[in-house]
Number of protein chains: 2
Amino acid sequence: MTLEEQLKQKEFKTKRQRAYLNVVYTASVLNLEQTRLFKPFGLSLQQYNVLRILRGQNGTPVSIGLIQERMLDIQSNASRLIDKLEDKKLVIRKVCPNDKRQMEITITHEGLKVLLELDTVIASNESNIQLTDGEADMLNDLLNKLRENQKSK
Amino acid sequence: MTLEEQLKQKEFKTKRQRAYLNVVYTASVLNLEQTRLFKPFGLSLQQYNVLRILRGQNGTPVSIGLIQERMLDIQSNASRLIDKLEDKKLVIRKVCPNDKRQMEITITHEGLKVLLELDTVIASNESNIQLTDGEADMLNDLLNKLRENQKSK
DNA sequence: GCAAATTATATGTATATACATACAATTTGC
DNA sequence: GCAAATTGTATGTATATACATATAATTTGC
């Protein structure tokens, strides 16, 4: 479905506006899709992202701040996400002995197990993307350019 | 800032994965930017979108369902958005006499006034986008292609 | 013409973001 | 070495999404 069909709109004021709205719309489609993918595993998209970041550390504990920094979503609230993951026993939260303000978060064996299950599901979903390598590169470059000179944080 | 810098990640498994994440990330940047733009006017991004849809009807009342259909965000909750706009006296909600299940939503004079103020702000923001018409078209096509064969709604 | 199905909207719950603020622990500037 | 500033995390509030369910009004099938 094209953007015009979805929005039931005949035309846009500018081509840039159409591209802009298409980015936002496409992201919401992709997000919804991923959310549904994760649902059977009892994980939200953001909870999954946190687990991925933790796995990437290979056992080294990670602070809340570092998780926050690496989240795709700007200004998400890592503290509360960790709460949920802790409830599910997928991560462990310990006060850092060197700096009692900091928390040391590590992924549990159980957390790694869930991630492993999800890897396959995600990979098969991503293989549905119809872009060639060249197209993917081009899309990537255009998005980087779109963000240029935008004054957001 | 490139996606790699933002995510502090050296490489992605596939170019498609990088493009995919870049769409999601870019959209969150754009959304945040717009949200901040609207904040001084006491409107959220979604509330603004609803007002835009209503203005597009040139005074013809619109049902909740039609608003829902036209929202960029799939499965958003138009009913509650209208609540907020009604509280602010920017829209009027009346029961449709022909079909008492339906609501007839119209934008108020005050609502139109707020939109008018916002038009300038939005236009100036969109003029910061660094894409040429050709690039915008290409981006649009690539996004449409990315969504193809995705099984979401 | 009435029961059953459908439609339009509303509402409850869980999750998440954005922002402001709070608060304790640590670092700094003198 | 102590007050002031900064840092790391938590929490409160408003907004929004996603989903399930509820309810009233309308349409349909017989």
# chains A, B, ... in the order shown; residues from 1 in each chain; ligands from 1
$ closest_atom_pairs --of "chain D" --to "chain B" --cutoff "8 Å" --atoms "only C-alpha atoms (C1' of nucleotides)" --output "JSON lines"
{"residue": "D:DT15", "atom": "C1'", "partner": "B:Ser44", "partner_atom": "CA", "distance": 7.7}
{"residue": "D:DT17", "atom": "C1'", "partner": "B:Ser76", "partner_atom": "CA", "distance": 6.1}
{"residue": "D:DA18", "atom": "C1'", "partner": "B:Gln75", "partner_atom": "CA", "distance": 7.3}
{"residue": "D:DA24", "atom": "C1'", "partner": "B:Arg101", "partner_atom": "CA", "distance": 7.1}
{"residue": "D:DA25", "atom": "C1'", "partner": "B:Arg101", "partner_atom": "CA", "distance": 5.3}
{"residue": "D:DT26", "atom": "C1'", "partner": "B:Asp99", "partner_atom": "CA", "distance": 7.5}
$ residues_around --residues "Thr108 in chain A" --least-positions-apart "2" --cutoff "12 Å" --atoms "only C-alpha atoms (C1' of nucleotides)" --output "PDB file with N, CA and C atoms, in the first residue's frame"
ATOM      1  N   LEU A  51      17.442  -6.251  26.562  1.00  0.00           N
ATOM      2  CA  LEU A  51      18.096  -7.564  26.667  1.00  0.00           C
ATOM      3  C   LEU A  51      19.224  -7.695  25.646  1.00  0.00           C
ATOM      4  N   LEU A  54      22.249  -5.877  26.811  1.00  0.00           N
ATOM      5  CA  LEU A  54      22.916  -6.617  27.888  1.00  0.00           C
ATOM      6  C   LEU A  54      23.692  -7.810  27.334  1.00  0.00           C
ATOM      7  N   ARG A  55      23.086  -8.506  26.395  1.00  0.00           N
ATOM      8  CA  ARG A  55      23.785  -9.654  25.813  1.00  0.00           C
ATOM      9  C   ARG A  55      25.073  -9.207  25.135  1.00  0.00           C
ATOM     10  N   ASN A  58      28.430  -9.354  26.989  1.00  0.00           N
ATOM     11  CA  ASN A  58      29.088 -10.620  27.349  1.00  0.00           C
ATOM     12  C   ASN A  58      29.370 -10.763  28.842  1.00  0.00           C
ATOM     13  N   GLY A  59      28.381 -10.487  29.636  1.00  0.00           N
ATOM     14  CA  GLY A  59      28.528 -10.738  31.065  1.00  0.00           C
ATOM     15  C   GLY A  59      29.005  -9.551  31.883  1.00  0.00           C
ATOM     16  N   THR A  60      29.591  -8.548  31.217  1.00  0.00           N
ATOM     17  CA  THR A  60      30.005  -7.356  31.957  1.00  0.00           C
ATOM     18  C   THR A  60      28.768  -6.598  32.417  1.00  0.00           C
ATOM     19  N   PRO A  61      28.674  -6.237  33.691  1.00  0.00           N
ATOM     20  CA  PRO A  61      27.505  -5.495  34.151  1.00  0.00           C
ATOM     21  C   PRO A  61      27.458  -4.121  33.502  1.00  0.00           C
ATOM     22  N   LEU A  85      11.830  -6.229  33.531  1.00  0.00           N
ATOM     23  CA  LEU A  85      12.678  -7.378  33.217  1.00  0.00           C
ATOM     24  C   LEU A  85      13.113  -8.100  34.492  1.00  0.00           C
ATOM     25  N   GLU A  86      13.320  -7.335  35.546  1.00  0.00           N
ATOM     26  CA  GLU A  86      13.696  -7.932  36.830  1.00  0.00           C
ATOM     27  C   GLU A  86      12.534  -8.774  37.360  1.00  0.00           C
ATOM     28  N   LYS A  88      10.463 -10.343  35.705  1.00  0.00           N
ATOM     29  CA  LYS A  88      10.405 -11.591  34.922  1.00  0.00           C
ATOM     30  C   LYS A  88      11.652 -12.444  35.101  1.00  0.00           C
ATOM     31  N   LYS A  89      12.554 -12.010  35.986  1.00  0.00           N
ATOM     32  CA  LYS A  89      13.787 -12.762  36.266  1.00  0.00           C
ATOM     33  C   LYS A  89      14.693 -12.857  35.044  1.00  0.00           C
ATOM     34  N   LEU A  90      14.601 -11.907  34.161  1.00  0.00           N
ATOM     35  CA  LEU A  90      15.447 -11.956  32.959  1.00  0.00           C
ATOM     36  C   LEU A  90      16.728 -11.153  33.148  1.00  0.00           C
ATOM     37  N   VAL A  91      16.735 -10.265  34.130  1.00  0.00           N
ATOM     38  CA  VAL A  91      17.953  -9.512  34.455  1.00  0.00           C
ATOM     39  C   VAL A  91      18.119  -9.450  35.976  1.00  0.00           C
ATOM     40  N   ILE A  92      19.342  -9.154  36.395  1.00  0.00           N
ATOM     41  CA  ILE A  92      19.633  -8.950  37.817  1.00  0.00           C
ATOM     42  C   ILE A  92      20.142  -7.529  37.996  1.00  0.00           C
ATOM     43  N   ARG A  93      19.669  -6.866  39.057  1.00  0.00           N
ATOM     44  CA  ARG A  93      20.053  -5.482  39.335  1.00  0.00           C
ATOM     45  C   ARG A  93      20.755  -5.468  40.692  1.00  0.00           C
ATOM     46  N   ILE A 105      23.603  -3.967  35.997  1.00  0.00           N
ATOM     47  CA  ILE A 105      22.586  -4.846  35.439  1.00  0.00           C
ATOM     48  C   ILE A 105      23.264  -5.945  34.619  1.00  0.00           C
ATOM     49  N   THR A 106      22.844  -7.176  34.855  1.00  0.00           N
ATOM     50  CA  THR A 106      23.325  -8.283  34.023  1.00  0.00           C
ATOM     51  C   THR A 106      22.142  -9.132  33.581  1.00  0.00           C
ATOM     52  N   GLU A 110      18.251 -17.298  32.029  1.00  0.00           N
ATOM     53  CA  GLU A 110      16.882 -17.313  31.513  1.00  0.00           C
ATOM     54  C   GLU A 110      16.691 -16.239  30.435  1.00  0.00           C
ATOM     55  N   GLY A 111      17.247 -15.055  30.692  1.00  0.00           N
ATOM     56  CA  GLY A 111      17.159 -13.960  29.730  1.00  0.00           C
ATOM     57  C   GLY A 111      17.837 -14.324  28.419  1.00  0.00           C
ATOM     58  N   LEU A 112      19.012 -14.932  28.522  1.00  0.00           N
ATOM     59  CA  LEU A 112      19.743 -15.338  27.316  1.00  0.00           C
ATOM     60  C   LEU A 112      18.954 -16.384  26.531  1.00  0.00           C
ATOM     61  N   LYS A 113      18.284 -17.255  27.268  1.00  0.00           N
ATOM     62  CA  LYS A 113      17.503 -18.317  26.629  1.00  0.00           C
ATOM     63  C   LYS A 113      16.364 -17.717  25.794  1.00  0.00           C
ATOM     64  N   VAL A 114      15.672 -16.752  26.389  1.00  0.00           N
ATOM     65  CA  VAL A 114      14.575 -16.096  25.677  1.00  0.00           C
ATOM     66  C   VAL A 114      15.097 -15.399  24.418  1.00  0.00           C
ATOM     67  N   LEU A 115      16.227 -14.711  24.553  1.00  0.00           N
ATOM     68  CA  LEU A 115      16.811 -14.011  23.404  1.00  0.00           C
ATOM     69  C   LEU A 115      17.137 -14.985  22.273  1.00  0.00           C
TER      70      LEU A 115
END
$ interface_residues --of "chain C" --to "chain A" --cutoff "9 Å" --atoms "only C-alpha atoms (C1' of nucleotides)" --output "VMD selection string"
chain C and resid 15 to 18 24 to 26
$ write_last_selection --atoms "N, CA and C atoms (P, O5', C5', C4', C3', O3' and C1' of nucleotides)" --output "PDB file, in the first residue's frame"
ATOM      1  P    DT C  15       2.913  -4.842  31.752  1.00  0.00           P
ATOM      2  O5'  DT C  15       3.359  -3.787  30.636  1.00  0.00           O
ATOM      3  C5'  DT C  15       3.407  -4.195  29.276  1.00  0.00           C
ATOM      4  C4'  DT C  15       3.669  -2.995  28.418  1.00  0.00           C
ATOM      5  C3'  DT C  15       4.973  -2.260  28.760  1.00  0.00           C
ATOM      6  O3'  DT C  15       5.894  -2.446  27.701  1.00  0.00           O
ATOM      7  C1'  DT C  15       3.153  -0.762  28.365  1.00  0.00           C
ATOM      8  P    DA C  16       7.419  -1.966  27.920  1.00  0.00           P
ATOM      9  O5'  DA C  16       7.402  -0.457  27.437  1.00  0.00           O
ATOM     10  C5'  DA C  16       7.156  -0.166  26.071  1.00  0.00           C
ATOM     11  C4'  DA C  16       6.932   1.310  25.910  1.00  0.00           C
ATOM     12  C3'  DA C  16       8.049   2.191  26.472  1.00  0.00           C
ATOM     13  O3'  DA C  16       8.819   2.693  25.392  1.00  0.00           O
ATOM     14  C1'  DA C  16       5.866   3.077  26.894  1.00  0.00           C
ATOM     15  P    DT C  17      10.058   3.675  25.701  1.00  0.00           P
ATOM     16  O5'  DT C  17       9.399   5.104  25.497  1.00  0.00           O
ATOM     17  C5'  DT C  17       8.767   5.410  24.251  1.00  0.00           C
ATOM     18  C4'  DT C  17       8.235   6.821  24.310  1.00  0.00           C
ATOM     19  C3'  DT C  17       9.303   7.870  24.623  1.00  0.00           C
ATOM     20  O3'  DT C  17       9.089   8.976  23.756  1.00  0.00           O
ATOM     21  C1'  DT C  17       7.536   8.030  26.171  1.00  0.00           C
ATOM     22  P    DA C  18      10.284  10.040  23.574  1.00  0.00           P
ATOM     23  O5'  DA C  18       9.813  11.219  24.533  1.00  0.00           O
ATOM     24  C5'  DA C  18       8.656  11.957  24.194  1.00  0.00           C
ATOM     25  C4'  DA C  18       8.393  12.957  25.293  1.00  0.00           C
ATOM     26  C3'  DA C  18       9.638  13.715  25.764  1.00  0.00           C
ATOM     27  O3'  DA C  18       9.323  15.100  25.744  1.00  0.00           O
ATOM     28  C1'  DA C  18       8.481  12.807  27.612  1.00  0.00           C
ATOM     29  P    DA C  24      17.769  11.162  50.461  1.00  0.00           P
ATOM     30  O5'  DA C  24      18.861  10.006  50.450  1.00  0.00           O
ATOM     31  C5'  DA C  24      18.660   8.865  49.620  1.00  0.00           C
ATOM     32  C4'  DA C  24      19.901   8.629  48.780  1.00  0.00           C
ATOM     33  C3'  DA C  24      21.207   8.789  49.562  1.00  0.00           C
ATOM     34  O3'  DA C  24      21.976   7.637  49.338  1.00  0.00           O
ATOM     35  C1'  DA C  24      21.287  10.031  47.537  1.00  0.00           C
ATOM     36  P    DA C  25      23.352   7.342  50.091  1.00  0.00           P
ATOM     37  O5'  DA C  25      24.414   7.560  48.933  1.00  0.00           O
ATOM     38  C5'  DA C  25      24.343   6.732  47.769  1.00  0.00           C
ATOM     39  C4'  DA C  25      25.390   7.221  46.801  1.00  0.00           C
ATOM     40  C3'  DA C  25      26.792   7.356  47.408  1.00  0.00           C
ATOM     41  O3'  DA C  25      27.685   6.692  46.534  1.00  0.00           O
ATOM     42  C1'  DA C  25      26.137   9.392  46.350  1.00  0.00           C
ATOM     43  P    DT C  26      29.226   6.573  46.833  1.00  0.00           P
ATOM     44  O5'  DT C  26      29.794   7.775  45.961  1.00  0.00           O
ATOM     45  C5'  DT C  26      29.654   7.722  44.533  1.00  0.00           C
ATOM     46  C4'  DT C  26      30.104   9.026  43.934  1.00  0.00           C
ATOM     47  C3'  DT C  26      31.568   9.387  44.216  1.00  0.00           C
ATOM     48  O3'  DT C  26      32.238   9.389  42.959  1.00  0.00           O
ATOM     49  C1'  DT C  26      30.125  11.266  44.439  1.00  0.00           C
TER      50       DT C  26
END
$ closest_residue --among "A:Lys13, A:Ile67, A:Asn22, A:Gln57" --to "chain B" --atoms "only C-alpha atoms"
A:Asn22
$ closest_atom_pairs --of "chain A" --to "chain B" --cutoff "8 Å" --atoms "only C-alpha atoms" --output "Markdown table"
| residue | atom | partner | partner_atom | distance |
| --- | --- | --- | --- | --- |
| A:Met1 | CA | B:Asn144 | CA | 7.3 |
| A:Thr2 | CA | B:Asn144 | CA | 6.0 |
| A:Leu3 | CA | B:Asn144 | CA | 7.4 |
| A:Gln6 | CA | B:Arg70 | CA | 7.4 |
| A:Leu7 | CA | B:Arg70 | CA | 5.3 |
| A:Lys8 | CA | B:Arg70 | CA | 6.9 |
| A:Lys15 | CA | B:Ala136 | CA | 5.7 |
| A:Arg16 | CA | B:Ala136 | CA | 5.3 |
| A:Gln17 | CA | B:Glu126 | CA | 7.1 |
| A:Arg18 | CA | B:Asn140 | CA | 7.2 |
| A:Ala19 | CA | B:Asn140 | CA | 5.0 |
| A:Asn22 | CA | B:Asn140 | CA | 6.5 |
| A:Val23 | CA | B:Ala27 | CA | 5.8 |
| A:Val24 | CA | B:Ala27 | CA | 4.8 |
| A:Tyr25 | CA | B:Leu72 | CA | 5.9 |
| A:Thr26 | CA | B:Leu143 | CA | 6.7 |
| A:Ala27 | CA | B:Val24 | CA | 4.8 |
| A:Ser28 | CA | B:Asp73 | CA | 6.4 |
| A:Val29 | CA | B:Ser152 | CA | 6.9 |
| A:Leu30 | CA | B:Val24 | CA | 7.5 |
| A:Asn31 | CA | B:Val24 | CA | 7.4 |
| A:Leu32 | CA | B:Ser152 | CA | 7.6 |
| A:Glu33 | CA | B:Ser152 | CA | 5.8 |
| A:Glu69 | CA | B:Leu7 | CA | 7.9 |
| A:Arg70 | CA | B:Leu7 | CA | 5.2 |
| A:Met71 | CA | B:Leu7 | CA | 7.2 |
| A:Leu72 | CA | B:Tyr25 | CA | 5.9 |
| A:Asp73 | CA | B:Ser28 | CA | 6.3 |
| A:Ile74 | CA | B:Ser28 | CA | 7.2 |
| A:Glu126 | CA | B:Gln17 | CA | 7.1 |
| A:Asn128 | CA | B:Asn149 | CA | 6.6 |
| A:Ile129 | CA | B:Leu146 | CA | 5.9 |
| A:Gln130 | CA | B:Leu146 | CA | 6.0 |
| A:Leu131 | CA | B:Leu146 | CA | 6.3 |
| A:Thr132 | CA | B:Arg16 | CA | 7.7 |
| A:Asp133 | CA | B:Lys15 | CA | 5.9 |
| A:Glu135 | CA | B:Leu142 | CA | 7.1 |
| A:Ala136 | CA | B:Arg16 | CA | 5.3 |
| A:Asp137 | CA | B:Lys15 | CA | 6.4 |
| A:Leu139 | CA | B:Leu139 | CA | 6.2 |
| A:Asn140 | CA | B:Ala19 | CA | 5.0 |
| A:Leu142 | CA | B:Leu139 | CA | 6.4 |
| A:Leu143 | CA | B:Thr26 | CA | 6.7 |
| A:Asn144 | CA | B:Thr2 | CA | 6.0 |
| A:Lys145 | CA | B:Gln130 | CA | 6.6 |
| A:Leu146 | CA | B:Ile129 | CA | 5.9 |
| A:Arg147 | CA | B:Thr26 | CA | 6.8 |
| A:Glu148 | CA | B:Gln130 | CA | 6.9 |
| A:Asn149 | CA | B:Asn128 | CA | 6.6 |
| A:Gln150 | CA | B:Asn128 | CA | 6.7 |
| A:Lys151 | CA | B:Glu33 | CA | 7.8 |
| A:Ser152 | CA | B:Glu33 | CA | 5.7 |
$ write_last_selection --atoms "N, CA and C atoms" --output "compact mmCIF listing (two decimals), in the first residue's frame"
# COMPACT_ATOMS: atom_id res chain seq x y z
N MET A 1 0.85 -1.20 0.00
CA MET A 1 0.00 0.00 0.00
C MET A 1 0.88 1.25 0.00
N THR A 2 0.59 2.18 -0.88
CA THR A 2 1.38 3.42 -0.86
C THR A 2 0.89 4.31 0.27
N LEU A 3 1.67 5.32 0.54
CA LEU A 3 1.32 6.26 1.61
C LEU A 3 0.02 6.98 1.28
N GLN A 6 -2.89 4.79 2.05
CA GLN A 6 -3.10 4.65 3.49
C GLN A 6 -3.75 5.90 4.08
N LEU A 7 -3.23 7.02 3.71
CA LEU A 7 -3.73 8.26 4.31
C LEU A 7 -4.94 8.81 3.58
N LYS A 8 -5.33 8.10 2.53
CA LYS A 8 -6.47 8.55 1.72
C LYS A 8 -6.32 10.01 1.34
N LYS A 15 7.35 17.12 -1.89
CA LYS A 15 7.89 15.76 -1.91
C LYS A 15 8.59 15.44 -0.59
N ARG A 16 9.20 16.47 -0.01
CA ARG A 16 9.87 16.27 1.28
C ARG A 16 8.86 15.93 2.37
N GLN A 17 7.72 16.60 2.30
CA GLN A 17 6.70 16.32 3.31
C GLN A 17 6.20 14.87 3.18
N ARG A 18 6.04 14.44 1.93
CA ARG A 18 5.59 13.07 1.72
C ARG A 18 6.61 12.07 2.27
N ALA A 19 7.89 12.33 1.98
CA ALA A 19 8.94 11.43 2.46
C ALA A 19 8.98 11.41 3.99
N ASN A 22 6.18 9.52 5.35
CA ASN A 22 6.36 8.10 5.03
C ASN A 22 7.33 7.45 6.03
N VAL A 23 8.34 8.17 6.45
CA VAL A 23 9.27 7.63 7.44
C VAL A 23 8.51 7.32 8.73
N VAL A 24 7.72 8.29 9.16
CA VAL A 24 6.98 8.12 10.41
C VAL A 24 5.98 6.96 10.29
N TYR A 25 5.28 6.92 9.17
CA TYR A 25 4.29 5.86 8.98
C TYR A 25 4.95 4.48 8.89
N THR A 26 6.03 4.40 8.12
CA THR A 26 6.72 3.12 7.95
C THR A 26 7.24 2.61 9.29
N ALA A 27 7.80 3.51 10.07
CA ALA A 27 8.32 3.11 11.38
C ALA A 27 7.20 2.57 12.26
N SER A 28 6.02 3.17 12.17
CA SER A 28 4.94 2.68 13.03
C SER A 28 4.49 1.30 12.58
N VAL A 29 4.53 1.06 11.28
CA VAL A 29 4.21 -0.28 10.77
C VAL A 29 5.24 -1.29 11.26
N LEU A 30 6.51 -0.94 11.14
CA LEU A 30 7.58 -1.85 11.55
C LEU A 30 7.52 -2.10 13.06
N ASN A 31 7.27 -1.05 13.82
CA ASN A 31 7.18 -1.20 15.27
C ASN A 31 6.05 -2.14 15.67
N LEU A 32 4.90 -1.93 15.04
CA LEU A 32 3.74 -2.76 15.37
C LEU A 32 4.04 -4.22 15.08
N GLU A 33 4.66 -4.43 13.94
CA GLU A 33 5.02 -5.77 13.50
C GLU A 33 5.93 -6.45 14.52
N GLU A 69 21.55 5.32 27.05
CA GLU A 69 22.32 5.88 25.93
C GLU A 69 22.16 5.07 24.65
N ARG A 70 22.13 3.77 24.80
CA ARG A 70 22.14 2.91 23.62
C ARG A 70 20.75 2.59 23.09
N MET A 71 19.73 2.98 23.80
CA MET A 71 18.38 2.69 23.35
C MET A 71 18.10 3.45 22.06
N LEU A 72 17.40 2.78 21.18
CA LEU A 72 16.99 3.41 19.93
C LEU A 72 16.10 4.60 20.22
N ASP A 73 15.22 4.45 21.17
CA ASP A 73 14.29 5.52 21.47
C ASP A 73 14.96 6.51 22.38
N ILE A 74 15.02 7.71 21.92
CA ILE A 74 15.61 8.79 22.67
C ILE A 74 14.80 8.98 23.95
N GLU A 126 13.10 -10.48 9.26
CA GLU A 126 13.91 -9.54 8.50
C GLU A 126 14.17 -10.03 7.08
N ASN A 128 12.07 -11.04 5.21
CA ASN A 128 10.93 -10.63 4.37
C ASN A 128 11.14 -9.27 3.71
N ILE A 129 12.15 -8.55 4.18
CA ILE A 129 12.38 -7.23 3.62
C ILE A 129 12.82 -7.38 2.17
N GLN A 130 12.18 -6.61 1.32
CA GLN A 130 12.36 -6.80 -0.12
C GLN A 130 13.46 -5.93 -0.73
N LEU A 131 14.32 -5.35 0.09
CA LEU A 131 15.32 -4.45 -0.46
C LEU A 131 16.61 -5.19 -0.80
N THR A 132 17.24 -4.78 -1.89
CA THR A 132 18.58 -5.28 -2.20
C THR A 132 19.59 -4.55 -1.32
N ASP A 133 20.82 -5.04 -1.30
CA ASP A 133 21.86 -4.37 -0.52
C ASP A 133 22.04 -2.92 -0.97
N GLU A 135 19.86 -0.96 -2.40
CA GLU A 135 18.70 -0.16 -1.98
C GLU A 135 18.76 0.14 -0.49
N ALA A 136 19.16 -0.86 0.28
CA ALA A 136 19.25 -0.67 1.73
C ALA A 136 20.28 0.42 2.05
N ASP A 137 21.41 0.39 1.35
CA ASP A 137 22.44 1.42 1.55
C ASP A 137 21.90 2.80 1.21
N LEU A 139 18.78 3.80 1.12
CA LEU A 139 17.79 4.19 2.13
C LEU A 139 18.50 4.71 3.39
N ASN A 140 19.52 3.99 3.78
CA ASN A 140 20.28 4.38 4.96
C ASN A 140 20.87 5.80 4.80
N LEU A 142 19.91 8.17 2.76
CA LEU A 142 18.87 9.20 2.67
C LEU A 142 18.32 9.54 4.05
N LEU A 143 18.18 8.53 4.89
CA LEU A 143 17.68 8.78 6.25
C LEU A 143 18.69 9.60 7.04
N ASN A 144 19.95 9.27 6.90
CA ASN A 144 20.98 10.06 7.59
C ASN A 144 20.92 11.52 7.14
N LYS A 145 20.73 11.69 5.84
CA LYS A 145 20.66 13.05 5.31
C LYS A 145 19.41 13.78 5.81
N LEU A 146 18.31 13.04 5.87
CA LEU A 146 17.07 13.64 6.36
C LEU A 146 17.24 14.18 7.78
N ARG A 147 18.01 13.48 8.57
CA ARG A 147 18.20 13.91 9.97
C ARG A 147 19.16 15.08 10.11
N GLU A 148 19.97 15.31 9.09
CA GLU A 148 20.94 16.41 9.15
C GLU A 148 20.22 17.74 9.37
N ASN A 149 20.88 18.60 10.08
CA ASN A 149 20.34 19.95 10.30
C ASN A 149 19.00 19.95 11.00
N GLN A 150 18.60 18.82 11.50
CA GLN A 150 17.43 18.83 12.37
C GLN A 150 17.99 19.12 13.76
N LYS A 151 17.33 19.99 14.43
CA LYS A 151 17.93 20.52 15.65
C LYS A 151 17.70 19.68 16.89
N SER A 152 17.02 18.54 16.69
CA SER A 152 16.69 17.75 17.87
C SER A 152 17.94 17.20 18.51
$ select_by_dssp --residues "chain A" --states "alpha helix (DSSP H)" --output "ChimeraX atom specification"
/A:3-7,15-38,45-55,64-70,78-87,109-126,133-147
$ select_by_dssp --residues "chain A" --states "strand (DSSP E or B)" --output "list of chain:residue names"
A:Val62, A:Val91, A:Ile92, A:Arg93, A:Lys94, A:Val95, A:Met103, A:Glu104, A:Ile105, A:Thr106, A:Ile107
$ closest_residue --among "D:DT28, D:DT11, D:DT21, D:DT6" --to "DT28 in chain C" --atoms "only C-alpha atoms (C1' of nucleotides)"
D:DT6
$ closest_residue --among "D:DA16, D:DA22, D:DA3, D:DA10" --to "DA10 in chain C" --atoms "only C-alpha atoms (C1' of nucleotides)"
D:DA22
$ atom_distance --atom1 "CA of Gln68 in chain A" --atom2 "CA of Phe38 in chain B"
24.9 Å
